[in-house]
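Q: Structure in structure tokens, see below.
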Amino acid sequence: MMPSVTSIETPVIDVRHVVTKFGQAVVHEDVSLSIRRGEIFAIAGGNGSGKTTLLREIIGLITPSAGTIRLFGIDSRRLETGDGHPIHRRFGVMFQNGALFSSFTLAENVAVPLREHTTLSAGLIRDLVTAKIAMVGLPPDSAVKYPNELSGGMRRRAALARAIVMDPELLFLDEPTAGLDPIIAAGFDDLVLSLKNLLGLTVVMVTHDLDSLWRIANRVAVLGRGKVLGIGTMQELSRSDDPVIREYFQGPRGRSASEQAAWNHARRPT
Amino acid sequence: MEEATISVKDNVIHCRGSWTLPHLSQLERGGRAIRWPETSTVLYDAGEVTAMDTGGALILQRCIDGVRSKGQQTALQGLKPEFAELLRKVEAQWSRPKRGVSVDTRWVDSLARAVQSRQASAIRALAFVGESTIAFGHALVRPRSIRWRTLLRIVELDGVRALPITGLLTFLVGVVIAYQGAEQLRKFGTNIFIVDLVGISLLREIAPLIVAILIAGRSGSAYAAEIGTMKVTEELDAVRTLGISPMNLLVLPRALALVLALPLLTVYADAVGVFGGMLIALGELNVSFVEFIARFDEAVPVRHFLIGLGKAPFFAAIIALVGCYQGFQIRGGVDDVGRHTTISVVQGIFLVIVFDAICSILLNWWDL
């Protein structure tokens with residue numbers, strides 16, 4: 001299993017009593033959680049439980065109706081304008097469908113943050129982009145391809161390369177494995193894990209892929225009914241009494257994922 | 001903020017500080033500025049590197065590679081294990097000599113490719129015209145298969161809602177023609193011929209053309225963008241798999257709606273344009289409305305009106321088919337939608353004018 005994270009410094013992300021309403025619809029009644037440096041933190045929950053909304057609030061794309069969100073101790077409302085705030089260099093975001101710019105090649109896509117936020121020489125940018133593309137496991141010749149020439153899994157990796165090109169401290173992944181086949185999804189999990197170890201990332205991911213939750217998440221928060229229903233490691237959550245969490249993890253899919261995880265764990269050489 | 005430096009002392013390269021993104025430019029310059037030792041083995045001391053990211057590792061690796069390429073050995077000491085791991089990763093993936101992908105740029109090849117792609121697109125366009133003709137034939141035989149509700153909605157959107165702008169535009173064109181004519185006609189005292197000038201030019205050529213150009217910009221582009229977006233979002237595939245022909249669902253209602261709407265718009269444009277001419281005739285040449293209309297009756301044979309009107313449905317078919325065709329050609333993403341939308345307008349107007357010119361030549365032969 002993952003080494004447990006015990007540092008007690010200020011949390012990288014601190015979400016306090018967040019309330020979100022869209023007109024009449026209440027998405028979050030009262031959500032609080034904090035994410036520590038160096039962990040892989042997953043936000044789980046059923047469809048419509050406000051996982052992605054919470055992620056978008058954390059990265060400052062939308063503002064909660066009430067409550068505060070602090071990113072590296074800075075109020076995320078100050079991120080909203082989006083322009084050139086130095087904090088944007090400290091986190092990378094991988095969107096669900098990649099959100100690659102379709103008129104740019106893969107290499108140009110990955111280079112965008114470097115071109116916009118640094119004054120590095122063109123040669124150095126090219127080398128860095130090449131290194132990142134290799135790091136996410138894409139073949140070098142894919143660099144000149146356009147997003148519509150890449151497969152879904154490759155697009156996901158390309159989006160990851162763009163998210164980590166600035167060597168951020170914090171990486172957000174929105175449904176990183178949704179729509180990928182189980183083998184590629186597992187490969188993606190391994191990739192996230194190895195990059196996290198290599199680059200010292202803190203990873204926040206929104207997912208309902210139970211396999212990925214078991215495989216790589218250090219801690220998981222389950223959202224539902226506008227609240228955080230439970231927070232902790234997968235082992236802790238799988239013993240939870242909350243009916244929604246039980247349903248979520250003890251349903252047929254949840255059970256097979258947990259059995260698989262136990263089996264993998266038993267087989268892992270010590 | 002902590003600085004990052006690279007320096008030489010006693011033939012040892014000293015790396016210090018935070019080797020991270022904000023300092024990379026500085027490091028790159030520093031690496032170029034120092035005098036590299038000529039010894040057979042170059043020693044790197046990285047004991048004082050406090051932070052390193054991928055970019056920093058890359059710079060270090062490039063320095064090491066540069067030394068190695070000159071035939072010298074390198075040795076690295078003092079690098080913290082977590083940074084060493086990163087360096088190893090960068091080295092493993094970076095040292096691949098694959099740099100840039102060669103693209104064949106010989107002009108013969110690019111010419112051949114251009115000809116091939118033109119040929120392919122010409123065949124596709126012909127196939128599209130054929131397909132739509134067949135669909136049109138089917139629809140004529142079984143008018144029930146036409147989607148009348150969609151068709152009427154498009155007539156409203158692209159016909160009725162276009163009334164203000166087409167009216168304003170042809171009114172102004174009528175005014176302009178009358179003004180230009182008035183100057184010349186007054187010199188010869190042949191004021192009443194303003195009726196011939198305005199009537200014939202507007203009814204036969206200008207009103208249908210103005211309307212067609214306007215609709216090409218307004219509706220042809222919209223068709224391309226709509227169908228293209230449906231293609232990008234896989235809606236078209238969904239339509240096909242539901243057993244509905246995109247031809248029937250999308251192309252036919254649009255084409256038929258424009259074929260219906262454009263002649264009607266042309267008649268309206270004729271009237272408004274001539275009215276604009278009448279106003280100027282009254283103001284500039286003292287030709288009263290009564291005189292104007294009386295003269296109109298004898299000076300402008302009805303065939304001019306019919307020729308103008310007769311061209312309108314063909315203009316409509318050209319605009320609708322070009323718009324829809326360009327929509328279906330959209331493959332990739334956002335910029336492709338923009339490109340094909342532009343092409344649909346340019347090509348639509350181009351073909352309309354070419355068709356109009358051919359008509360003029362043929363009608364001239366037949367003395368009409």
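Residue numbering restarts at 1 in every chain; chains get A, B, ... in the order shown in the structure tokens, and ligands count up from 1 in that same order.
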Any idea which chain A residues end up within 10 Å of chain B if we count only C-alpha atoms, as a PyMOL selection string please?
A: chain A and resi 89+101-104+114+117-121+124-135+137+140-144+146-149+164-168+195+197-200
Q: Would you list the contacts of Ile69 (chain A) as a PDB file with all heavy atoms, in the first residue's frame, taking every protein, DNA or RNA residue within 12 Å and counting only C-alpha atoms, but skipping same-chain residues closer than 4 positions in sequence?
A:
ATOM      1  N   PRO A  11      -2.974  22.630   4.980  1.00  0.00           N
ATOM      2  CA  PRO A  11      -3.440  21.849   3.848  1.00  0.00           C
ATOM      3  C   PRO A  11      -3.258  22.614   2.533  1.00  0.00           C
ATOM      4  O   PRO A  11      -3.299  23.843   2.509  1.00  0.00           O
ATOM      5  CB  PRO A  11      -4.924  21.622   4.145  1.00  0.00           C
ATOM      6  CG  PRO A  11      -5.288  22.608   5.173  1.00  0.00           C
ATOM      7  CD  PRO A  11      -4.047  22.956   5.923  1.00  0.00           C
ATOM      8  N   VAL A  12      -3.033  21.863   1.459  1.00  0.00           N
ATOM      9  CA  VAL A  12      -2.888  22.480   0.145  1.00  0.00           C
ATOM     10  C   VAL A  12      -4.217  23.090  -0.274  1.00  0.00           C
ATOM     11  O   VAL A  12      -4.274  24.183  -0.811  1.00  0.00           O
ATOM     12  CB  VAL A  12      -2.439  21.422  -0.882  1.00  0.00           C
ATOM     13  CG1 VAL A  12      -2.326  22.046  -2.251  1.00  0.00           C
ATOM     14  CG2 VAL A  12      -1.130  20.808  -0.467  1.00  0.00           C
ATOM     15  N   ILE A  13      -5.268  22.344   0.000  1.00  0.00           N
ATOM     16  CA  ILE A  13      -6.606  22.831  -0.328  1.00  0.00           C
ATOM     17  C   ILE A  13      -7.459  22.743   0.919  1.00  0.00           C
ATOM     18  O   ILE A  13      -7.445  21.731   1.618  1.00  0.00           O
ATOM     19  CB  ILE A  13      -7.245  21.987  -1.442  1.00  0.00           C
ATOM     20  CG1 ILE A  13      -6.474  22.152  -2.747  1.00  0.00           C
ATOM     21  CG2 ILE A  13      -8.703  22.372  -1.657  1.00  0.00           C
ATOM     22  CD1 ILE A  13      -6.877  21.169  -3.798  1.00  0.00           C
ATOM     23  N   ASP A  14      -8.169  23.827   1.195  1.00  0.00           N
ATOM     24  CA  ASP A  14      -9.025  23.846   2.366  1.00  0.00           C
ATOM     25  C   ASP A  14     -10.406  24.319   1.933  1.00  0.00           C
ATOM     26  O   ASP A  14     -10.574  25.466   1.521  1.00  0.00           O
ATOM     27  CB  ASP A  14      -8.423  24.792   3.413  1.00  0.00           C
ATOM     28  CG  ASP A  14      -9.009  24.535   4.780  1.00  0.00           C
ATOM     29  OD1 ASP A  14      -9.661  23.478   4.946  1.00  0.00           O
ATOM     30  OD2 ASP A  14      -8.826  25.389   5.668  1.00  0.00           O
ATOM     31  N   VAL A  15     -11.375  23.433   1.994  1.00  0.00           N
ATOM     32  CA  VAL A  15     -12.740  23.766   1.594  1.00  0.00           C
ATOM     33  C   VAL A  15     -13.565  23.867   2.870  1.00  0.00           C
ATOM     34  O   VAL A  15     -13.618  22.906   3.640  1.00  0.00           O
ATOM     35  CB  VAL A  15     -13.322  22.675   0.662  1.00  0.00           C
ATOM     36  CG1 VAL A  15     -14.767  22.995   0.315  1.00  0.00           C
ATOM     37  CG2 VAL A  15     -12.494  22.541  -0.593  1.00  0.00           C
ATOM     38  N   ARG A  16     -14.160  25.026   3.119  1.00  0.00           N
ATOM     39  CA  ARG A  16     -14.907  25.213   4.363  1.00  0.00           C
ATOM     40  C   ARG A  16     -16.340  25.612   4.094  1.00  0.00           C
ATOM     41  O   ARG A  16     -16.596  26.661   3.520  1.00  0.00           O
ATOM     42  CB  ARG A  16     -14.260  26.333   5.195  1.00  0.00           C
ATOM     43  CG  ARG A  16     -12.899  25.956   5.725  1.00  0.00           C
ATOM     44  CD  ARG A  16     -12.900  25.878   7.241  1.00  0.00           C
ATOM     45  NE  ARG A  16     -11.618  25.376   7.676  1.00  0.00           N
ATOM     46  CZ  ARG A  16     -10.646  26.151   8.152  1.00  0.00           C
ATOM     47  NH1 ARG A  16     -10.868  27.439   8.301  1.00  0.00           N
ATOM     48  NH2 ARG A  16      -9.494  25.637   8.497  1.00  0.00           N
ATOM     49  N   HIS A  17     -17.261  24.772   4.543  1.00  0.00           N
ATOM     50  CA  HIS A  17     -18.703  25.076   4.536  1.00  0.00           C
ATOM     51  C   HIS A  17     -19.179  25.653   3.205  1.00  0.00           C
ATOM     52  O   HIS A  17     -19.815  26.701   3.152  1.00  0.00           O
ATOM     53  CB  HIS A  17     -19.041  26.052   5.672  1.00  0.00           C
ATOM     54  CG  HIS A  17     -18.573  25.567   7.004  1.00  0.00           C
ATOM     55  ND1 HIS A  17     -19.059  24.403   7.556  1.00  0.00           N
ATOM     56  CD2 HIS A  17     -17.657  26.055   7.877  1.00  0.00           C
ATOM     57  CE1 HIS A  17     -18.455  24.207   8.720  1.00  0.00           C
ATOM     58  NE2 HIS A  17     -17.597  25.191   8.934  1.00  0.00           N
ATOM     59  N   VAL A  18     -18.851  24.974   2.146  1.00  0.00           N
ATOM     60  CA  VAL A  18     -19.232  25.474   0.830  1.00  0.00           C
ATOM     61  C   VAL A  18     -20.688  25.138   0.527  1.00  0.00           C
ATOM     62  O   VAL A  18     -21.134  24.012   0.749  1.00  0.00           O
ATOM     63  CB  VAL A  18     -18.304  24.910  -0.264  1.00  0.00           C
ATOM     64  CG1 VAL A  18     -18.953  24.993  -1.637  1.00  0.00           C
ATOM     65  CG2 VAL A  18     -16.994  25.676  -0.260  1.00  0.00           C
ATOM     66  N   VAL A  19     -21.411  26.143   0.075  1.00  0.00           N
ATOM     67  CA  VAL A  19     -22.793  25.984  -0.354  1.00  0.00           C
ATOM     68  C   VAL A  19     -22.854  26.385  -1.818  1.00  0.00           C
ATOM     69  O   VAL A  19     -22.290  27.413  -2.190  1.00  0.00           O
ATOM     70  CB  VAL A  19     -23.735  26.892   0.458  1.00  0.00           C
ATOM     71  CG1 VAL A  19     -25.177  26.730  -0.011  1.00  0.00           C
ATOM     72  CG2 VAL A  19     -23.600  26.615   1.941  1.00  0.00           C
ATOM     73  N   VAL A  31     -20.274  21.624   2.424  1.00  0.00           N
ATOM     74  CA  VAL A  31     -19.171  20.726   2.107  1.00  0.00           C
ATOM     75  C   VAL A  31     -17.889  21.285   2.703  1.00  0.00           C
ATOM     76  O   VAL A  31     -17.550  22.443   2.474  1.00  0.00           O
ATOM     77  CB  VAL A  31     -19.014  20.551   0.578  1.00  0.00           C
ATOM     78  CG1 VAL A  31     -17.746  19.796   0.248  1.00  0.00           C
ATOM     79  CG2 VAL A  31     -20.215  19.831  -0.002  1.00  0.00           C
ATOM     80  N   SER A  32     -17.197  20.480   3.514  1.00  0.00           N
ATOM     81  CA  SER A  32     -15.899  20.875   4.045  1.00  0.00           C
ATOM     82  C   SER A  32     -14.934  19.714   3.880  1.00  0.00           C
ATOM     83  O   SER A  32     -15.293  18.573   4.162  1.00  0.00           O
ATOM     84  CB  SER A  32     -16.008  21.217   5.533  1.00  0.00           C
ATOM     85  OG  SER A  32     -16.880  22.293   5.725  1.00  0.00           O
ATOM     86  N   LEU A  33     -13.754  20.009   3.417  1.00  0.00           N
ATOM     87  CA  LEU A  33     -12.708  18.988   3.399  1.00  0.00           C
ATOM     88  C   LEU A  33     -11.370  19.673   3.215  1.00  0.00           C
ATOM     89  O   LEU A  33     -11.311  20.834   2.799  1.00  0.00           O
ATOM     90  CB  LEU A  33     -12.950  17.950   2.289  1.00  0.00           C
ATOM     91  CG  LEU A  33     -13.219  18.413   0.858  1.00  0.00           C
ATOM     92  CD1 LEU A  33     -11.922  18.614   0.105  1.00  0.00           C
ATOM     93  CD2 LEU A  33     -14.045  17.354   0.134  1.00  0.00           C
ATOM     94  N   SER A  34     -10.309  18.975   3.576  1.00  0.00           N
ATOM     95  CA  SER A  34      -8.997  19.560   3.325  1.00  0.00           C
ATOM     96  C   SER A  34      -8.079  18.491   2.760  1.00  0.00           C
ATOM     97  O   SER A  34      -8.200  17.317   3.083  1.00  0.00           O
ATOM     98  CB  SER A  34      -8.418  20.166   4.606  1.00  0.00           C
ATOM     99  OG  SER A  34      -8.195  19.157   5.544  1.00  0.00           O
ATOM    100  N   ILE A  35      -7.201  18.928   1.904  1.00  0.00           N
ATOM    101  CA  ILE A  35      -6.333  18.013   1.177  1.00  0.00           C
ATOM    102  C   ILE A  35      -4.889  18.329   1.521  1.00  0.00           C
ATOM    103  O   ILE A  35      -4.479  19.492   1.499  1.00  0.00           O
ATOM    104  CB  ILE A  35      -6.590  18.138  -0.343  1.00  0.00           C
ATOM    105  CG1 ILE A  35      -8.038  17.722  -0.644  1.00  0.00           C
ATOM    106  CG2 ILE A  35      -5.614  17.266  -1.126  1.00  0.00           C
ATOM    107  CD1 ILE A  35      -8.522  18.072  -2.019  1.00  0.00           C
ATOM    108  N   LEU A  54     -17.612  20.821  -7.520  1.00  0.00           N
ATOM    109  CA  LEU A  54     -16.674  21.133  -6.444  1.00  0.00           C
ATOM    110  C   LEU A  54     -15.277  21.374  -7.012  1.00  0.00           C
ATOM    111  O   LEU A  54     -14.588  22.328  -6.636  1.00  0.00           O
ATOM    112  CB  LEU A  54     -16.655  19.998  -5.420  1.00  0.00           C
ATOM    113  CG  LEU A  54     -15.755  20.221  -4.211  1.00  0.00           C
ATOM    114  CD1 LEU A  54     -16.217  21.425  -3.415  1.00  0.00           C
ATOM    115  CD2 LEU A  54     -15.708  18.990  -3.321  1.00  0.00           C
ATOM    116  N   LEU A  55     -14.892  20.514  -7.969  1.00  0.00           N
ATOM    117  CA  LEU A  55     -13.576  20.677  -8.590  1.00  0.00           C
ATOM    118  C   LEU A  55     -13.480  22.037  -9.280  1.00  0.00           C
ATOM    119  O   LEU A  55     -12.491  22.760  -9.139  1.00  0.00           O
ATOM    120  CB  LEU A  55     -13.338  19.553  -9.594  1.00  0.00           C
ATOM    121  CG  LEU A  55     -11.973  19.577 -10.274  1.00  0.00           C
ATOM    122  CD1 LEU A  55     -10.930  19.021  -9.323  1.00  0.00           C
ATOM    123  CD2 LEU A  55     -11.977  18.771 -11.550  1.00  0.00           C
ATOM    124  N   ARG A  56     -14.545  22.378 -10.004  1.00  0.00           N
ATOM    125  CA  ARG A  56     -14.525  23.657 -10.721  1.00  0.00           C
ATOM    126  C   ARG A  56     -14.488  24.829  -9.758  1.00  0.00           C
ATOM    127  O   ARG A  56     -13.931  25.884 -10.069  1.00  0.00           O
ATOM    128  CB  ARG A  56     -15.731  23.760 -11.661  1.00  0.00           C
ATOM    129  CG  ARG A  56     -15.672  22.743 -12.785  1.00  0.00           C
ATOM    130  CD  ARG A  56     -16.989  22.669 -13.523  1.00  0.00           C
ATOM    131  NE  ARG A  56     -17.211  23.842 -14.351  1.00  0.00           N
ATOM    132  CZ  ARG A  56     -16.731  23.988 -15.580  1.00  0.00           C
ATOM    133  NH1 ARG A  56     -16.022  23.019 -16.117  1.00  0.00           N
ATOM    134  NH2 ARG A  56     -16.965  25.063 -16.267  1.00  0.00           N
ATOM    135  N   GLU A  57     -15.083  24.657  -8.592  1.00  0.00           N
ATOM    136  CA  GLU A  57     -15.012  25.715  -7.584  1.00  0.00           C
ATOM    137  C   GLU A  57     -13.602  25.837  -7.023  1.00  0.00           C
ATOM    138  O   GLU A  57     -13.098  26.945  -6.811  1.00  0.00           O
ATOM    139  CB  GLU A  57     -16.013  25.443  -6.464  1.00  0.00           C
ATOM    140  CG  GLU A  57     -17.436  25.756  -6.867  1.00  0.00           C
ATOM    141  CD  GLU A  57     -18.469  25.270  -5.873  1.00  0.00           C
ATOM    142  OE1 GLU A  57     -18.116  24.476  -4.970  1.00  0.00           O
ATOM    143  OE2 GLU A  57     -19.628  25.656  -5.997  1.00  0.00           O
ATOM    144  N   ILE A  58     -12.966  24.682  -6.808  1.00  0.00           N
ATOM    145  CA  ILE A  58     -11.616  24.721  -6.236  1.00  0.00           C
ATOM    146  C   ILE A  58     -10.661  25.425  -7.185  1.00  0.00           C
ATOM    147  O   ILE A  58      -9.818  26.221  -6.771  1.00  0.00           O
ATOM    148  CB  ILE A  58     -11.122  23.295  -5.906  1.00  0.00           C
ATOM    149  CG1 ILE A  58     -11.964  22.688  -4.794  1.00  0.00           C
ATOM    150  CG2 ILE A  58      -9.662  23.317  -5.496  1.00  0.00           C
ATOM    151  CD1 ILE A  58     -11.652  21.230  -4.522  1.00  0.00           C
ATOM    152  N   ILE A  59     -10.781  25.166  -8.482  1.00  0.00           N
ATOM    153  CA  ILE A  59      -9.844  25.795  -9.414  1.00  0.00           C
ATOM    154  C   ILE A  59     -10.322  27.162  -9.881  1.00  0.00           C
ATOM    155  O   ILE A  59      -9.718  27.772 -10.754  1.00  0.00           O
ATOM    156  CB  ILE A  59      -9.536  24.889 -10.628  1.00  0.00           C
ATOM    157  CG1 ILE A  59     -10.814  24.550 -11.398  1.00  0.00           C
ATOM    158  CG2 ILE A  59      -8.836  23.638 -10.192  1.00  0.00           C
ATOM    159  CD1 ILE A  59     -10.575  23.582 -12.532  1.00  0.00           C
ATOM    160  N   GLY A  60     -11.417  27.639  -9.289  1.00  0.00           N
ATOM    161  CA  GLY A  60     -11.807  29.032  -9.520  1.00  0.00           C
ATOM    162  C   GLY A  60     -12.586  29.274 -10.791  1.00  0.00           C
ATOM    163  O   GLY A  60     -12.708  30.414 -11.221  1.00  0.00           O
ATOM    164  N   ILE A  62     -15.840  28.474 -11.126  1.00  0.00           N
ATOM    165  CA  ILE A  62     -17.106  29.022 -10.659  1.00  0.00           C
ATOM    166  C   ILE A  62     -16.972  29.374  -9.180  1.00  0.00           C
ATOM    167  O   ILE A  62     -16.095  28.853  -8.489  1.00  0.00           O
ATOM    168  CB  ILE A  62     -18.299  28.053 -10.871  1.00  0.00           C
ATOM    169  CG1 ILE A  62     -17.944  26.646 -10.406  1.00  0.00           C
ATOM    170  CG2 ILE A  62     -18.743  28.021 -12.302  1.00  0.00           C
ATOM    171  CD1 ILE A  62     -19.083  25.664 -10.568  1.00  0.00           C
ATOM    172  N   THR A  63     -17.814  30.256  -8.727  1.00  0.00           N
ATOM    173  CA  THR A  63     -17.739  30.718  -7.346  1.00  0.00           C
ATOM    174  C   THR A  63     -18.855  30.070  -6.546  1.00  0.00           C
ATOM    175  O   THR A  63     -20.001  30.056  -6.985  1.00  0.00           O
ATOM    176  CB  THR A  63     -17.928  32.240  -7.283  1.00  0.00           C
ATOM    177  OG1 THR A  63     -17.167  32.813  -8.325  1.00  0.00           O
ATOM    178  CG2 THR A  63     -17.484  32.795  -5.954  1.00  0.00           C
ATOM    179  N   PRO A  64     -18.540  29.515  -5.365  1.00  0.00           N
ATOM    180  CA  PRO A  64     -19.605  28.947  -4.541  1.00  0.00           C
ATOM    181  C   PRO A  64     -20.544  30.041  -4.043  1.00  0.00           C
ATOM    182  O   PRO A  64     -20.160  31.200  -3.934  1.00  0.00           O
ATOM    183  CB  PRO A  64     -18.853  28.277  -3.397  1.00  0.00           C
ATOM    184  CG  PRO A  64     -17.494  28.860  -3.412  1.00  0.00           C
ATOM    185  CD  PRO A  64     -17.220  29.317  -4.801  1.00  0.00           C
ATOM    186  N   SER A  65     -21.795  29.629  -3.725  1.00  0.00           N
ATOM    187  CA  SER A  65     -22.762  30.611  -3.237  1.00  0.00           C
ATOM    188  C   SER A  65     -22.367  31.110  -1.853  1.00  0.00           C
ATOM    189  O   SER A  65     -22.626  32.251  -1.487  1.00  0.00           O
ATOM    190  CB  SER A  65     -24.153  29.984  -3.180  1.00  0.00           C
ATOM    191  OG  SER A  65     -24.423  29.307  -4.381  1.00  0.00           O
ATOM    192  N   GLY A  73      -3.564  28.388   0.612  1.00  0.00           N
ATOM    193  CA  GLY A  73      -3.837  29.477   1.528  1.00  0.00           C
ATOM    194  C   GLY A  73      -4.417  30.732   0.892  1.00  0.00           C
ATOM    195  O   GLY A  73      -4.643  31.718   1.570  1.00  0.00           O
ATOM    196  N   ILE A  74      -4.677  30.672  -0.430  1.00  0.00           N
ATOM    197  CA  ILE A  74      -5.207  31.857  -1.112  1.00  0.00           C
ATOM    198  C   ILE A  74      -6.658  31.588  -1.486  1.00  0.00           C
ATOM    199  O   ILE A  74      -7.000  30.508  -1.980  1.00  0.00           O
ATOM    200  CB  ILE A  74      -4.392  32.166  -2.385  1.00  0.00           C
ATOM    201  CG1 ILE A  74      -2.952  32.493  -1.989  1.00  0.00           C
ATOM    202  CG2 ILE A  74      -5.011  33.305  -3.163  1.00  0.00           C
ATOM    203  CD1 ILE A  74      -2.000  32.494  -3.142  1.00  0.00           C
ATOM    204  N   ASP A  75      -7.505  32.572  -1.255  1.00  0.00           N
ATOM    205  CA  ASP A  75      -8.924  32.416  -1.535  1.00  0.00           C
ATOM    206  C   ASP A  75      -9.142  32.209  -3.038  1.00  0.00           C
ATOM    207  O   ASP A  75      -8.662  33.002  -3.847  1.00  0.00           O
ATOM    208  CB  ASP A  75      -9.669  33.675  -1.070  1.00  0.00           C
ATOM    209  CG  ASP A  75     -11.162  33.424  -0.958  1.00  0.00           C
ATOM    210  OD1 ASP A  75     -11.690  32.686  -1.808  1.00  0.00           O
ATOM    211  OD2 ASP A  75     -11.780  33.961  -0.033  1.00  0.00           O
ATOM    212  N   SER A  76      -9.837  31.134  -3.391  1.00  0.00           N
ATOM    213  CA  SER A  76      -9.949  30.796  -4.809  1.00  0.00           C
ATOM    214  C   SER A  76     -10.805  31.790  -5.569  1.00  0.00           C
ATOM    215  O   SER A  76     -10.803  31.801  -6.787  1.00  0.00           O
ATOM    216  CB  SER A  76     -10.523  29.389  -4.990  1.00  0.00           C
ATOM    217  OG  SER A  76     -11.891  29.394  -4.691  1.00  0.00           O
ATOM    218  N   ARG A  77     -11.560  32.627  -4.840  1.00  0.00           N
ATOM    219  CA  ARG A  77     -12.335  33.647  -5.562  1.00  0.00           C
ATOM    220  C   ARG A  77     -11.414  34.604  -6.293  1.00  0.00           C
ATOM    221  O   ARG A  77     -11.778  35.221  -7.273  1.00  0.00           O
ATOM    222  CB  ARG A  77     -13.213  34.429  -4.585  1.00  0.00           C
ATOM    223  CG  ARG A  77     -14.662  34.040  -4.703  1.00  0.00           C
ATOM    224  CD  ARG A  77     -15.446  34.560  -3.542  1.00  0.00           C
ATOM    225  NE  ARG A  77     -15.053  33.890  -2.324  1.00  0.00           N
ATOM    226  CZ  ARG A  77     -15.728  34.009  -1.189  1.00  0.00           C
ATOM    227  NH1 ARG A  77     -16.789  34.764  -1.123  1.00  0.00           N
ATOM    228  NH2 ARG A  77     -15.342  33.355  -0.113  1.00  0.00           N
ATOM    229  N   ARG A  78     -10.180  34.702  -5.792  1.00  0.00           N
ATOM    230  CA  ARG A  78      -9.248  35.621  -6.449  1.00  0.00           C
ATOM    231  C   ARG A  78      -8.679  35.040  -7.732  1.00  0.00           C
ATOM    232  O   ARG A  78      -8.002  35.723  -8.480  1.00  0.00           O
ATOM    233  CB  ARG A  78      -8.128  35.998  -5.481  1.00  0.00           C
ATOM    234  CG  ARG A  78      -8.653  36.929  -4.401  1.00  0.00           C
ATOM    235  CD  ARG A  78      -7.618  37.250  -3.371  1.00  0.00           C
ATOM    236  NE  ARG A  78      -6.333  37.595  -3.961  1.00  0.00           N
ATOM    237  CZ  ARG A  78      -5.201  37.499  -3.300  1.00  0.00           C
ATOM    238  NH1 ARG A  78      -5.173  37.066  -2.068  1.00  0.00           N
ATOM    239  NH2 ARG A  78      -4.075  37.831  -3.885  1.00  0.00           N
ATOM    240  N   LEU A  79      -8.946  33.754  -7.986  1.00  0.00           N
ATOM    241  CA  LEU A  79      -8.451  33.140  -9.216  1.00  0.00           C
ATOM    242  C   LEU A  79      -9.356  33.430 -10.385  1.00  0.00           C
ATOM    243  O   LEU A  79      -8.977  33.289 -11.529  1.00  0.00           O
ATOM    244  CB  LEU A  79      -8.405  31.616  -9.064  1.00  0.00           C
ATOM    245  CG  LEU A  79      -7.499  31.051  -8.009  1.00  0.00           C
ATOM    246  CD1 LEU A  79      -7.622  29.553  -8.019  1.00  0.00           C
ATOM    247  CD2 LEU A  79      -6.085  31.474  -8.304  1.00  0.00           C
TER     248      LEU A  79
END
Q: Closest to Pro253 (chain B) among B:Val232, B:Ile194, B:Leu151, B:Ile319, using only C-alpha atoms?
A: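 Using only C-alpha atoms, the shortest distance to Pro253 (chain B) belongs to B:Leu151.
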Q: Go ahead and compute the interatomic distance for CA of Val302 (chain B) and CA of Leu265 (chain B), in Å to one decimal.
A: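 Between these atoms lies a distance of 17.8 Å.
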Q: Find the residues around region 341-344 of chain B up to 10 Å (only C-alpha atoms counted), leave out those fewer than 2 positions away in its own chain, and share them as number ranges by chain.
A: B: 216-217, 219-226, 228, 319-327, 330, 335-339, 346-350
Q: Find the residues around Gly46 (chain A) up to 12 Å (only C-alpha atoms counted), leave out those fewer than 4 positions away in its own chain, and share them as a ChimeraX atom specification.
A: /A:50-52,206-210,221-226,229,244-245,247-249
